[in-house]
$ cat input05.txt   # compact mmCIF, C-alpha atoms
# COMPACT_ATOMS: atom_id res chain seq x y z
CA MET A 1 -101.29 -6.06 29.53
CA VAL A 2 -97.82 -4.90 28.46
CA ALA A 3 -96.22 -8.13 29.67
CA LEU A 4 -98.80 -10.11 27.70
CA GLN A 5 -98.06 -8.13 24.53
CA LEU A 6 -94.31 -8.57 24.91
CA GLY A 7 -94.74 -12.27 25.59
CA ALA A 8 -96.87 -12.61 22.46
CA VAL A 9 -94.22 -10.85 20.36
CA ALA A 10 -91.47 -13.10 21.75
CA ALA A 11 -93.53 -16.25 21.24
CA LEU A 12 -94.48 -15.34 17.67
CA TYR A 13 -90.88 -14.40 16.88
CA TYR A 14 -89.59 -17.71 18.26
CA ALA A 15 -92.24 -19.88 16.59
CA SER A 16 -91.88 -18.17 13.20
CA GLY A 17 -88.09 -18.38 13.51
CA LYS A 18 -88.24 -22.14 14.00
CA LEU A 19 -90.59 -22.36 11.04
CA GLY A 20 -88.25 -20.28 8.87
CA LEU A 21 -85.28 -22.47 9.78
CA LEU A 22 -86.94 -25.40 8.08
CA GLN A 23 -85.67 -23.90 4.81
CA GLN A 24 -82.19 -22.95 6.05
CA LEU A 25 -79.45 -22.67 3.46
CA VAL A 26 -76.29 -21.53 5.25
CA ARG A 27 -74.99 -22.96 8.53
CA GLY A 28 -78.44 -23.93 9.69
CA GLN A 29 -79.50 -20.35 10.41
CA VAL A 30 -79.67 -18.34 7.16
CA THR A 31 -82.90 -18.77 5.20
CA PRO A 32 -84.48 -17.27 2.05
CA LEU A 33 -87.45 -16.09 4.14
CA TRP A 34 -87.10 -14.98 7.75
CA PRO A 35 -90.66 -14.35 9.05
CA PRO A 36 -89.52 -12.93 12.44
CA THR A 37 -88.44 -9.66 10.83
CA GLY A 38 -91.99 -9.06 9.63
CA ILE A 39 -93.37 -9.93 13.06
CA ALA A 40 -90.83 -7.66 14.75
CA LEU A 41 -91.59 -4.65 12.56
CA ALA A 42 -95.36 -5.19 12.79
CA GLY A 43 -95.04 -5.45 16.58
CA LEU A 44 -93.22 -2.12 16.74
CA LEU A 45 -95.76 -0.44 14.45
CA LEU A 46 -98.75 -1.76 16.41
CA ILE A 47 -97.45 -1.77 19.99
CA GLY A 48 -94.70 0.82 19.99
CA LEU A 49 -91.05 0.93 21.01
CA ARG A 50 -91.62 -1.26 24.06
CA ALA A 51 -91.98 -4.21 21.69
CA TRP A 52 -88.17 -4.33 21.38
CA LEU A 53 -87.98 -6.35 24.59
CA GLY A 54 -90.11 -9.10 23.09
CA ILE A 55 -88.08 -8.96 19.86
CA ALA A 56 -84.78 -9.29 21.72
CA LEU A 57 -86.07 -12.18 23.84
CA GLY A 58 -87.43 -14.04 20.83
CA ALA A 59 -84.22 -13.49 18.82
CA PHE A 60 -82.10 -14.73 21.71
CA LEU A 61 -84.18 -17.88 22.17
CA VAL A 62 -83.99 -18.68 18.46
CA ASN A 63 -80.22 -18.13 18.16
CA ILE A 64 -79.09 -19.66 21.46
CA SER A 65 -79.57 -23.16 20.04
CA LEU A 66 -77.71 -22.30 16.83
CA GLY A 67 -74.45 -20.88 18.18
CA PRO A 68 -71.69 -20.76 17.24
CA SER A 69 -70.81 -19.25 20.65
CA PHE A 70 -72.53 -17.25 23.36
CA PRO A 71 -70.86 -13.92 22.43
CA ALA A 72 -71.79 -14.55 18.78
CA VAL A 73 -75.37 -15.26 19.81
CA LEU A 74 -75.51 -11.94 21.68
CA ALA A 75 -74.11 -10.10 18.66
CA ILE A 76 -76.58 -11.71 16.24
CA THR A 77 -79.43 -11.02 18.67
CA THR A 78 -78.38 -7.37 18.84
CA GLY A 79 -78.37 -7.12 15.05
CA ASN A 80 -81.77 -8.82 14.80
CA THR A 81 -83.16 -6.32 17.32
CA LEU A 82 -81.58 -3.19 15.89
CA ALA A 83 -82.69 -3.87 12.30
CA PRO A 84 -86.48 -3.62 12.91
CA LEU A 85 -85.91 -0.70 15.29
CA PHE A 86 -84.03 1.16 12.55
CA ALA A 87 -86.74 0.28 10.02
CA TYR A 88 -89.40 1.49 12.47
CA ALA A 89 -87.58 4.81 12.94
CA LEU A 90 -87.36 5.31 9.17
CA LEU A 91 -91.06 4.58 8.73
CA ARG A 92 -92.01 6.96 11.53
CA ARG A 93 -90.14 9.77 9.81
CA THR A 94 -92.26 9.25 6.70
CA ARG A 95 -95.50 9.29 8.78
CA PHE A 96 -96.20 5.72 7.78
CA ARG A 97 -99.82 4.58 8.25
CA THR A 98 -100.41 1.00 9.37
CA GLN A 99 -103.54 0.87 7.19
CA MET A 100 -101.20 1.20 4.17
CA ASN A 101 -103.92 3.09 2.31
CA ARG A 102 -101.50 5.38 0.49
CA PHE A 103 -99.04 4.63 -2.26
CA GLN A 104 -96.26 6.32 -0.27
CA ASP A 105 -96.86 3.89 2.61
CA ALA A 106 -96.19 0.91 0.35
CA LEU A 107 -93.07 2.56 -1.06
CA ALA A 108 -91.80 3.31 2.44
CA LEU A 109 -92.32 -0.27 3.62
CA VAL A 110 -90.53 -1.70 0.58
CA PHE A 111 -87.53 0.61 0.33
CA LEU A 112 -87.09 1.79 3.94
CA GLY A 113 -88.60 -0.92 6.10
CA ALA A 114 -87.36 -3.90 4.10
CA PHE A 115 -84.42 -3.04 1.84
CA THR A 116 -82.74 -0.42 4.04
CA GLY A 117 -83.62 -1.50 7.56
CA MET A 118 -82.51 -5.10 7.10
CA LEU A 119 -78.99 -4.08 6.05
CA ILE A 120 -78.15 -3.98 9.76
CA SER A 121 -79.13 -7.54 10.63
CA ALA A 122 -77.46 -8.99 7.53
CA THR A 123 -74.21 -7.10 8.08
CA VAL A 124 -73.99 -7.77 11.83
CA GLY A 125 -75.00 -11.41 11.51
CA THR A 126 -72.71 -12.30 8.61
CA SER A 127 -69.76 -10.44 10.13
CA THR A 128 -70.31 -12.27 13.40
CA LEU A 129 -70.27 -15.67 11.70
CA LEU A 130 -67.11 -14.70 9.83
CA LEU A 131 -65.31 -13.49 12.97
CA ALA A 132 -66.38 -16.62 14.82
CA HIS A 133 -64.82 -18.72 12.03
CA ALA A 134 -68.21 -20.24 11.25
CA LEU A 135 -67.87 -19.09 7.63
CA PRO A 136 -64.99 -19.29 5.18
CA ALA A 137 -63.61 -15.98 3.97
CA GLY A 138 -65.12 -16.46 0.55
CA GLY A 139 -68.57 -17.14 1.98
CA PHE A 140 -69.22 -13.66 3.32
CA TRP A 141 -71.06 -12.12 0.36
CA PRO A 142 -73.20 -15.15 -0.59
CA THR A 143 -74.23 -15.49 3.05
CA TRP A 144 -74.82 -11.74 3.38
CA TRP A 145 -77.01 -11.77 0.27
CA VAL A 146 -79.21 -14.63 1.49
CA TRP A 147 -79.42 -13.13 4.99
CA TRP A 148 -80.37 -9.66 3.74
CA THR A 149 -82.93 -10.84 1.17
CA GLY A 150 -84.40 -13.32 3.65
CA ASP A 151 -84.90 -10.61 6.26
CA ALA A 152 -86.25 -8.19 3.65
CA MET A 153 -88.71 -10.79 2.35
CA GLY A 154 -89.92 -11.35 5.90
CA VAL A 155 -90.83 -7.67 6.11
CA LEU A 156 -92.43 -7.57 2.66
CA VAL A 157 -94.63 -10.66 2.90
CA VAL A 158 -95.30 -11.11 6.65
CA ALA A 159 -95.67 -7.59 8.05
CA PRO A 160 -98.44 -6.54 5.59
CA VAL A 161 -100.48 -9.63 6.52
CA LEU A 162 -100.28 -8.76 10.23
CA LEU A 163 -101.14 -5.11 9.55
CA ALA A 164 -104.11 -6.19 7.43
CA LEU A 165 -105.32 -8.54 10.17
CA ARG A 166 -105.21 -5.67 12.67
CA SER A 167 -107.85 -3.73 10.71
CA ALA A 168 -109.76 -6.78 9.46
CA HIS A 169 -113.48 -6.97 10.20
CA ARG A 170 -116.40 -8.99 8.98
CA PRO A 171 -117.95 -7.11 6.05
CA LYS A 172 -121.62 -6.23 6.33
CA ASP A 173 -124.22 -6.61 3.60
CA THR A 174 -121.76 -8.43 1.37
CA PRO A 175 -123.49 -9.99 -1.63
CA PRO A 176 -123.05 -13.74 -2.20
CA SER A 177 -121.17 -13.04 -5.41
CA ARG A 178 -118.46 -11.28 -3.40
CA TRP A 179 -118.03 -14.31 -1.14
CA ALA A 180 -117.93 -16.55 -4.19
CA GLU A 181 -115.18 -14.41 -5.71
CA ALA A 182 -113.15 -14.55 -2.49
CA THR A 183 -113.52 -18.32 -2.38
CA LEU A 184 -112.41 -18.57 -5.98
CA LEU A 185 -109.37 -16.41 -5.22
CA VAL A 186 -108.36 -18.70 -2.36
CA ALA A 187 -108.75 -21.77 -4.57
CA ALA A 188 -106.71 -20.11 -7.34
CA THR A 189 -103.97 -19.21 -4.86
CA LEU A 190 -103.74 -22.82 -3.71
CA GLY A 191 -103.65 -23.93 -7.32
CA VAL A 192 -100.80 -21.58 -8.18
CA GLY A 193 -98.88 -22.79 -5.12
CA PHE A 194 -99.22 -26.34 -6.42
CA LEU A 195 -98.11 -25.33 -9.92
CA GLU A 196 -95.02 -23.61 -8.51
CA ASN A 197 -93.85 -27.03 -7.33
CA ALA A 198 -94.86 -28.86 -10.52
CA PRO A 199 -92.31 -29.95 -13.14
CA VAL A 200 -93.69 -27.38 -15.63
CA PRO A 201 -92.37 -23.85 -14.91
CA LEU A 202 -95.63 -21.95 -14.44
CA ILE A 203 -94.55 -19.63 -11.65
CA PHE A 204 -95.47 -16.56 -13.73
CA LEU A 205 -99.16 -17.36 -13.16
CA ALA A 206 -98.78 -15.78 -9.74
CA PHE A 207 -98.77 -12.24 -11.15
CA PRO A 208 -102.29 -12.22 -12.64
CA LEU A 209 -103.42 -13.68 -9.32
CA LEU A 210 -101.72 -10.89 -7.36
CA THR A 211 -103.23 -8.29 -9.68
CA TRP A 212 -106.70 -9.76 -9.19
CA ALA A 213 -106.30 -9.80 -5.40
CA ALA A 214 -105.03 -6.21 -5.29
CA PHE A 215 -107.72 -4.77 -7.58
CA ARG A 216 -110.67 -6.52 -5.97
CA PHE A 217 -109.66 -6.87 -2.30
CA GLN A 218 -106.77 -4.39 -1.86
CA LEU A 219 -104.35 -5.13 1.01
CA ALA A 220 -106.67 -7.65 2.69
CA GLY A 221 -106.42 -9.88 -0.37
CA ALA A 222 -103.05 -8.94 -1.85
CA ALA A 223 -100.95 -9.43 1.31
CA PRO A 224 -102.02 -13.04 2.06
CA CYS A 225 -101.82 -13.86 -1.65
CA ALA A 226 -98.22 -12.58 -1.83
CA LEU A 227 -97.30 -14.59 1.26
CA ALA A 228 -98.81 -17.75 -0.25
CA VAL A 229 -97.10 -17.52 -3.64
CA SER A 230 -93.76 -16.63 -2.00
CA THR A 231 -94.05 -19.62 0.32
CA GLY A 232 -94.75 -21.89 -2.64
CA ALA A 233 -91.68 -20.62 -4.46
CA ILE A 234 -89.52 -21.04 -1.35
CA LEU A 235 -90.61 -24.66 -1.03
CA ALA A 236 -89.79 -25.30 -4.69
CA ALA A 237 -86.36 -23.62 -4.86
CA PRO A 238 -84.31 -25.82 -2.47
CA ARG A 239 -85.79 -28.96 -4.06
CA ARG A 240 -85.01 -27.51 -7.50
CA ALA A 241 -88.53 -28.14 -8.73
CA GLY A 242 -90.42 -26.29 -11.44
CA PRO A 243 -88.52 -23.24 -12.76
CA PHE A 244 -85.67 -23.92 -10.29
CA ALA A 245 -84.69 -27.24 -11.85
CA GLY A 246 -81.32 -27.61 -13.55
CA HIS A 247 -79.59 -24.60 -11.92
CA THR A 248 -77.03 -24.12 -9.20
CA LEU A 249 -78.11 -23.21 -5.68
CA LEU A 250 -76.79 -19.66 -6.01
CA THR A 251 -78.65 -19.13 -9.30
CA ASN A 252 -81.84 -20.49 -7.76
CA MET A 253 -81.50 -18.21 -4.74
CA ILE A 254 -81.08 -15.13 -6.93
CA ALA A 255 -84.08 -16.14 -9.04
CA LEU A 256 -86.13 -16.95 -5.92
CA GLN A 257 -85.49 -13.65 -4.20
CA ALA A 258 -86.06 -11.72 -7.43
CA PHE A 259 -89.43 -13.46 -7.80
CA ASN A 260 -90.40 -12.94 -4.15
CA GLY A 261 -89.40 -9.28 -4.28
CA ALA A 262 -91.30 -8.69 -7.52
CA ALA A 263 -94.38 -10.50 -6.21
CA ALA A 264 -94.43 -8.61 -2.91
CA MET A 265 -93.84 -5.23 -4.54
CA THR A 266 -96.52 -5.89 -7.16
CA ALA A 267 -99.06 -6.82 -4.51
CA LEU A 268 -98.28 -4.00 -2.06
CA LEU A 269 -97.82 -1.15 -4.52
CA LEU A 270 -100.86 -2.06 -6.60
CA ALA A 271 -103.07 -2.57 -3.55
CA ALA A 272 -102.01 0.78 -2.11
CA ALA A 273 -102.58 2.57 -5.41
CA ILE A 274 -106.06 1.06 -5.81
CA THR A 275 -106.97 1.91 -2.21
CA GLU A 276 -105.81 5.50 -2.66
CA ARG A 277 -107.77 5.79 -5.90
CA ASN A 278 -110.93 4.45 -4.25
CA GLN A 279 -110.57 6.89 -1.37
CA THR A 280 -110.13 9.79 -3.77
CA GLN A 281 -113.20 8.72 -5.72
CA GLU A 282 -115.25 8.50 -2.52
CA LYS A 283 -114.16 12.01 -1.52
CA ILE A 284 -115.11 13.36 -4.94
CA GLU A 285 -118.53 11.70 -4.77
CA GLN A 286 -119.08 13.02 -1.24
CA THR A 287 -118.14 16.54 -2.32
CA CYS A 288 -120.52 16.34 -5.29
CA ARG A 289 -123.36 15.25 -3.01
CA GLN A 290 -122.66 18.13 -0.63
CA LEU A 291 -122.60 20.63 -3.50
CA ALA A 292 -125.85 19.24 -4.84
CA GLU A 293 -127.50 19.59 -1.42
CA MET A 294 -126.25 23.18 -1.06
CA ALA A 295 -127.51 24.05 -4.55
CA ALA A 296 -130.91 22.58 -3.75
CA ARG A 297 -131.19 24.70 -0.58
CA ILE A 298 -130.29 28.04 -2.19
CA ALA A 299 -131.97 27.62 -5.58
CA PRO A 300 -135.35 29.48 -6.04
CA ASP A 301 -138.52 27.42 -6.12
CA THR A 302 -139.38 27.81 -9.81
CA GLY A 303 -142.43 25.60 -9.58
CA GLY A 304 -144.30 27.68 -6.98
CA PRO A 305 -146.64 30.71 -7.35
CA SER A 306 -145.18 34.05 -8.37
CA ALA A 307 -144.21 36.45 -5.61
CA LEU A 308 -145.37 39.51 -7.60
CA PRO A 309 -148.67 41.29 -6.64
CA ASP A 310 -151.61 40.94 -8.97
CA GLY A 311 -151.29 44.47 -10.28
CA ASP A 312 -147.59 44.14 -11.02
CA GLU A 313 -148.21 40.85 -12.71
CA GLN A 314 -150.87 42.47 -14.94
CA GLU A 315 -148.49 45.29 -15.87
CA GLU A 316 -145.78 42.87 -16.86
CA ASN A 317 -148.31 41.04 -19.03
CA GLY A 318 -149.31 44.20 -20.89
CA GLY A 319 -151.63 45.99 -18.51
CA PRO A 320 -155.00 45.15 -16.91
CA THR A 321 -157.45 43.00 -18.75
CA ARG A 322 -160.60 44.95 -19.86
CA PRO A 323 -163.96 43.34 -20.35
CA SER A 324 -165.06 43.16 -23.98

$ encode --input "input05.txt" --output "structure tokens"
Amino acid sequence: MVALQLGAVAALYYASGKLGLLQQLVRGQVTPLWPPTGIALAGLLLIGLRAWLGIALGAFLVNISLGPSFPAVLAITTGNTLAPLFAYALLRRTRFRTQMNRFQDALALVFLGAFTGMLISATVGTSTLLLAHALPAGGFWPTWWVWWTGDAMGVLVVAPVLLALRSAHRPKDTPPSRWAEATLLVAATLGVGFLENAPVPLIFLAFPLLTWAAFRFQLAGAAPCALAVSTGAILAAPRRAGPFAGHTLLTNMIALQAFNGAAAMTALLLAAAITERNQTQEKIEQTCRQLAEMAARIAPDTGGPSALPDGDEQEENGGPTRPS
């Protein structure tokens, strides 16, 4: 069972890595979205520390074909393995819940899991390329920026989807209107993805969509929606379509990662806040029901016969009744 889990982590890491390299920007191995980081962190959160073996194997298989040398591949693989492990350790210290049903869980994933944890992979990877003379001296910071934001975006948009799938189940007694709304949300998401690649810059339409998904479907709707709109923007940026037309590559990358970060944070933070609010409301309603049941059990039966004897009742009413 353990070998199967590790093999699944390695296979998913490798497959998603090859998919992410389709949008490479620097030296064929630095991309604006690196899905393996999200898979690696989700694997650690769901399986435990033993998942690091699958992460290391998957990272090695992805990087061995990219070079630039075997020692450099080992160094990059080490950085790619240590980054999710560090993020996992930070999340464990905050008592992170994989259900992400608290606002603090979303904050921890964004600022500790993504922004802080991925500093390791970006720094190790970019430094390795520089020392291996695969980068010019002036290319360190642009490469570091794309590497770090790409890894962070992988955590923000991929890991929540996998965590949501873990707890996903077929809803019972769902009214047809709810299914219709979900279908409409999917259609709207596809439509926004198409508009992101259209000549007219309408990328801002993603935010009402993310708000809708978070309010009505919480993480189960917001996480896939954020992944979809981020993927649409990533496809548009290198081709300089839509809002990315007429700008330099560096400007487009900054705008792309700012959009992806804002979209992911909007979806995750709002979904967590709504989920926490709903849970609080359910607890309040449950407490009110319990108090009402307790009050009903201890309250006197005011509609029943009086417990006083006949004589006492006559005295309270002014004495015994005399015949006229």

$ closest_residue --input "input05.txt" --among "A:Leu66, A:Gly38, A:Leu249, A:Ala214" --to "Leu21 (chain A)" --atoms "only C-alpha atoms"
A:Leu66

$ residues_around --input "input05.txt" --residues "Ala11 (chain A)" --least-positions-apart "3" --cutoff "9 Å" --atoms "all atoms listed in the file" --output "number ranges by chain"
A: 6-8, 14-16, 54, 57-58

$ atom_distance --input "input05.txt" --atom1 "CA of Ala56 (chain A)" --atom2 "CA of Leu165 (chain A)"
23.6 Å

$ residues_around --input "input05.txt" --residues "Gly221 (chain A)" --least-positions-apart "6" --cutoff "10 Å" --atoms "all atoms listed in the file" --output "PyMOL selection string"
chain A and resi 161+164+182+185-186+210-215+267+271

$ write_last_selection --input "input05.txt" --atoms "C-alpha atoms" --output "PDB file, in the frame of the given file"
ATOM      1  CA  VAL A 161    -100.480  -9.630   6.520  1.00  0.00           C
ATOM      2  CA  ALA A 164    -104.110  -6.190   7.430  1.00  0.00           C
ATOM      3  CA  ALA A 182    -113.150 -14.550  -2.490  1.00  0.00           C
ATOM      4  CA  LEU A 185    -109.370 -16.410  -5.220  1.00  0.00           C
ATOM      5  CA  VAL A 186    -108.360 -18.700  -2.360  1.00  0.00           C
ATOM      6  CA  LEU A 210    -101.720 -10.890  -7.360  1.00  0.00           C
ATOM      7  CA  THR A 211    -103.230  -8.290  -9.680  1.00  0.00           C
ATOM      8  CA  TRP A 212    -106.700  -9.760  -9.190  1.00  0.00           C
ATOM      9  CA  ALA A 213    -106.300  -9.800  -5.400  1.00  0.00           C
ATOM     10  CA  ALA A 214    -105.030  -6.210  -5.290  1.00  0.00           C
ATOM     11  CA  PHE A 215    -107.720  -4.770  -7.580  1.00  0.00           C
ATOM     12  CA  ALA A 267     -99.060  -6.820  -4.510  1.00  0.00           C
ATOM     13  CA  ALA A 271    -103.070  -2.570  -3.550  1.00  0.00           C
TER      14      ALA A 271
END

$ atom_distance --input "input05.txt" --atom1 "CA of Thr149 (chain A)" --atom2 "CA of Val200 (chain A)"
25.9 Å

$ closest_atom_pairs --input "input05.txt" --of "region 159-220 of chain A" --to "region 93-105 of chain A" --cutoff "10 Å" --atoms "all atoms listed in the file" --output "JSON lines"
{"residue": "A:Ala159", "atom": "CA", "partner": "A:Thr98", "partner_atom": "CA", "distance": 9.9}
{"residue": "A:Pro160", "atom": "CA", "partner": "A:Met100", "partner_atom": "CA", "distance": 8.3}
{"residue": "A:Leu162", "atom": "CA", "partner": "A:Thr98", "partner_atom": "CA", "distance": 9.8}
{"residue": "A:Leu163", "atom": "CA", "partner": "A:Thr98", "partner_atom": "CA", "distance": 6.2}
{"residue": "A:Ala164", "atom": "CA", "partner": "A:Gln99", "partner_atom": "CA", "distance": 7.1}
{"residue": "A:Arg166", "atom": "CA", "partner": "A:Gln99", "partner_atom": "CA", "distance": 8.7}
{"residue": "A:Ser167", "atom": "CA", "partner": "A:Gln99", "partner_atom": "CA", "distance": 7.2}
{"residue": "A:Gln218", "atom": "CA", "partner": "A:Asn101", "partner_atom": "CA", "distance": 9.0}
{"residue": "A:Leu219", "atom": "CA", "partner": "A:Met100", "partner_atom": "CA", "distance": 7.7}

$ axis_aligned_box --input "input05.txt" --around "region 274-278 of chain A" --padding-each-side "5 Å" --output "JSON"
{"center_x": -108.4, "center_y": 3.4, "center_z": -4.1, "size_x": 15.1, "size_y": 14.7, "size_z": 13.7}

$ closest_residue --input "input05.txt" --among "A:Ile254, A:Ala223, A:Cys288, A:Leu130" --to "Ala272 (chain A)" --atoms "all atoms listed in the file"
A:Ala223

$ build_atoms --input "input05.txt" --residues "region 162-171 of chain A" --atoms "all heavy atoms" --output "mmCIF file, in the coordinates of the input"
data_model
loop_
_atom_site.group_PDB
_atom_site.id
_atom_site.type_symbol
_atom_site.label_atom_id
_atom_site.label_comp_id
_atom_site.auth_asym_id
_atom_site.auth_seq_id
_atom_site.Cartn_x
_atom_site.Cartn_y
_atom_site.Cartn_z
ATOM 1 N N LEU A 162 -99.949 -9.089 8.836
ATOM 2 C CA LEU A 162 -100.280 -8.760 10.230
ATOM 3 C C LEU A 162 -100.957 -7.393 10.326
ATOM 4 O O LEU A 162 -101.891 -7.210 11.128
ATOM 5 C CB LEU A 162 -99.017 -8.784 11.081
ATOM 6 C CG LEU A 162 -98.299 -10.140 11.157
ATOM 7 C CD1 LEU A 162 -97.014 -10.013 11.961
ATOM 8 C CD2 LEU A 162 -99.210 -11.194 11.777
ATOM 9 N N LEU A 163 -100.506 -6.431 9.540
ATOM 10 C CA LEU A 163 -101.140 -5.110 9.550
ATOM 11 C C LEU A 163 -102.555 -5.181 8.992
ATOM 12 O O LEU A 163 -103.458 -4.483 9.481
ATOM 13 C CB LEU A 163 -100.301 -4.124 8.735
ATOM 14 C CG LEU A 163 -98.899 -3.827 9.275
ATOM 15 C CD1 LEU A 163 -98.166 -2.863 8.359
ATOM 16 C CD2 LEU A 163 -98.970 -3.264 10.694
ATOM 17 N N ALA A 164 -102.761 -6.029 7.985
ATOM 18 C CA ALA A 164 -104.110 -6.190 7.430
ATOM 19 C C ALA A 164 -105.030 -6.880 8.432
ATOM 20 O O ALA A 164 -106.213 -6.536 8.548
ATOM 21 C CB ALA A 164 -104.051 -6.975 6.129
ATOM 22 N N LEU A 165 -104.503 -7.848 9.176
ATOM 23 C CA LEU A 165 -105.320 -8.540 10.170
ATOM 24 C C LEU A 165 -105.740 -7.597 11.292
ATOM 25 O O LEU A 165 -106.821 -7.759 11.866
ATOM 26 C CB LEU A 165 -104.540 -9.719 10.759
ATOM 27 C CG LEU A 165 -104.357 -10.940 9.851
ATOM 28 C CD1 LEU A 165 -103.477 -11.987 10.529
ATOM 29 C CD2 LEU A 165 -105.711 -11.554 9.496
ATOM 30 N N ARG A 166 -104.895 -6.618 11.593
ATOM 31 C CA ARG A 166 -105.210 -5.670 12.670
ATOM 32 C C ARG A 166 -106.489 -4.897 12.359
ATOM 33 O O ARG A 166 -107.316 -4.645 13.248
ATOM 34 C CB ARG A 166 -104.035 -4.718 12.874
ATOM 35 C CG ARG A 166 -104.313 -3.546 13.801
ATOM 36 C CD ARG A 166 -104.611 -4.012 15.225
ATOM 37 N NE ARG A 166 -104.970 -2.915 16.083
ATOM 38 C CZ ARG A 166 -104.094 -2.171 16.768
ATOM 39 N NH1 ARG A 166 -102.792 -2.428 16.658
ATOM 40 N NH2 ARG A 166 -104.504 -1.206 17.539
ATOM 41 N N SER A 167 -106.674 -4.521 11.103
ATOM 42 C CA SER A 167 -107.850 -3.730 10.710
ATOM 43 C C SER A 167 -108.934 -4.581 10.066
ATOM 44 O O SER A 167 -109.888 -4.026 9.517
ATOM 45 C CB SER A 167 -107.413 -2.608 9.755
ATOM 46 O OG SER A 167 -106.780 -3.151 8.608
ATOM 47 N N ALA A 168 -108.774 -5.910 10.107
ATOM 48 C CA ALA A 168 -109.760 -6.780 9.460
ATOM 49 C C ALA A 168 -111.061 -6.803 10.261
ATOM 50 O O ALA A 168 -111.060 -6.729 11.492
ATOM 51 C CB ALA A 168 -109.204 -8.188 9.325
ATOM 52 N N HIS A 169 -112.172 -6.853 9.574
ATOM 53 C CA HIS A 169 -113.480 -6.970 10.200
ATOM 54 C C HIS A 169 -114.416 -7.693 9.242
ATOM 55 O O HIS A 169 -114.185 -7.725 8.040
ATOM 56 C CB HIS A 169 -114.048 -5.581 10.535
ATOM 57 C CG HIS A 169 -114.253 -4.715 9.331
ATOM 58 N ND1 HIS A 169 -113.213 -3.996 8.754
ATOM 59 C CD2 HIS A 169 -115.347 -4.458 8.565
ATOM 60 C CE1 HIS A 169 -113.675 -3.330 7.705
ATOM 61 N NE2 HIS A 169 -114.953 -3.594 7.559
ATOM 62 N N ARG A 170 -115.442 -8.273 9.806
ATOM 63 C CA ARG A 170 -116.400 -8.990 8.980
ATOM 64 C C ARG A 170 -117.226 -7.993 8.179
ATOM 65 O O ARG A 170 -117.894 -7.131 8.757
ATOM 66 C CB ARG A 170 -117.318 -9.864 9.839
ATOM 67 C CG ARG A 170 -118.302 -10.697 9.028
ATOM 68 C CD ARG A 170 -119.184 -11.547 9.935
ATOM 69 N NE ARG A 170 -120.174 -12.278 9.176
ATOM 70 C CZ ARG A 170 -119.972 -13.430 8.567
ATOM 71 N NH1 ARG A 170 -118.772 -13.989 8.637
ATOM 72 N NH2 ARG A 170 -120.926 -14.043 7.903
ATOM 73 N N PRO A 171 -117.183 -8.079 6.857
ATOM 74 C CA PRO A 171 -117.950 -7.110 6.050
ATOM 75 C C PRO A 171 -119.450 -7.315 6.227
ATOM 76 O O PRO A 171 -119.936 -8.433 6.390
ATOM 77 C CB PRO A 171 -117.502 -7.422 4.618
ATOM 78 C CG PRO A 171 -117.023 -8.834 4.665
ATOM 79 C CD PRO A 171 -116.454 -9.041 6.032
#
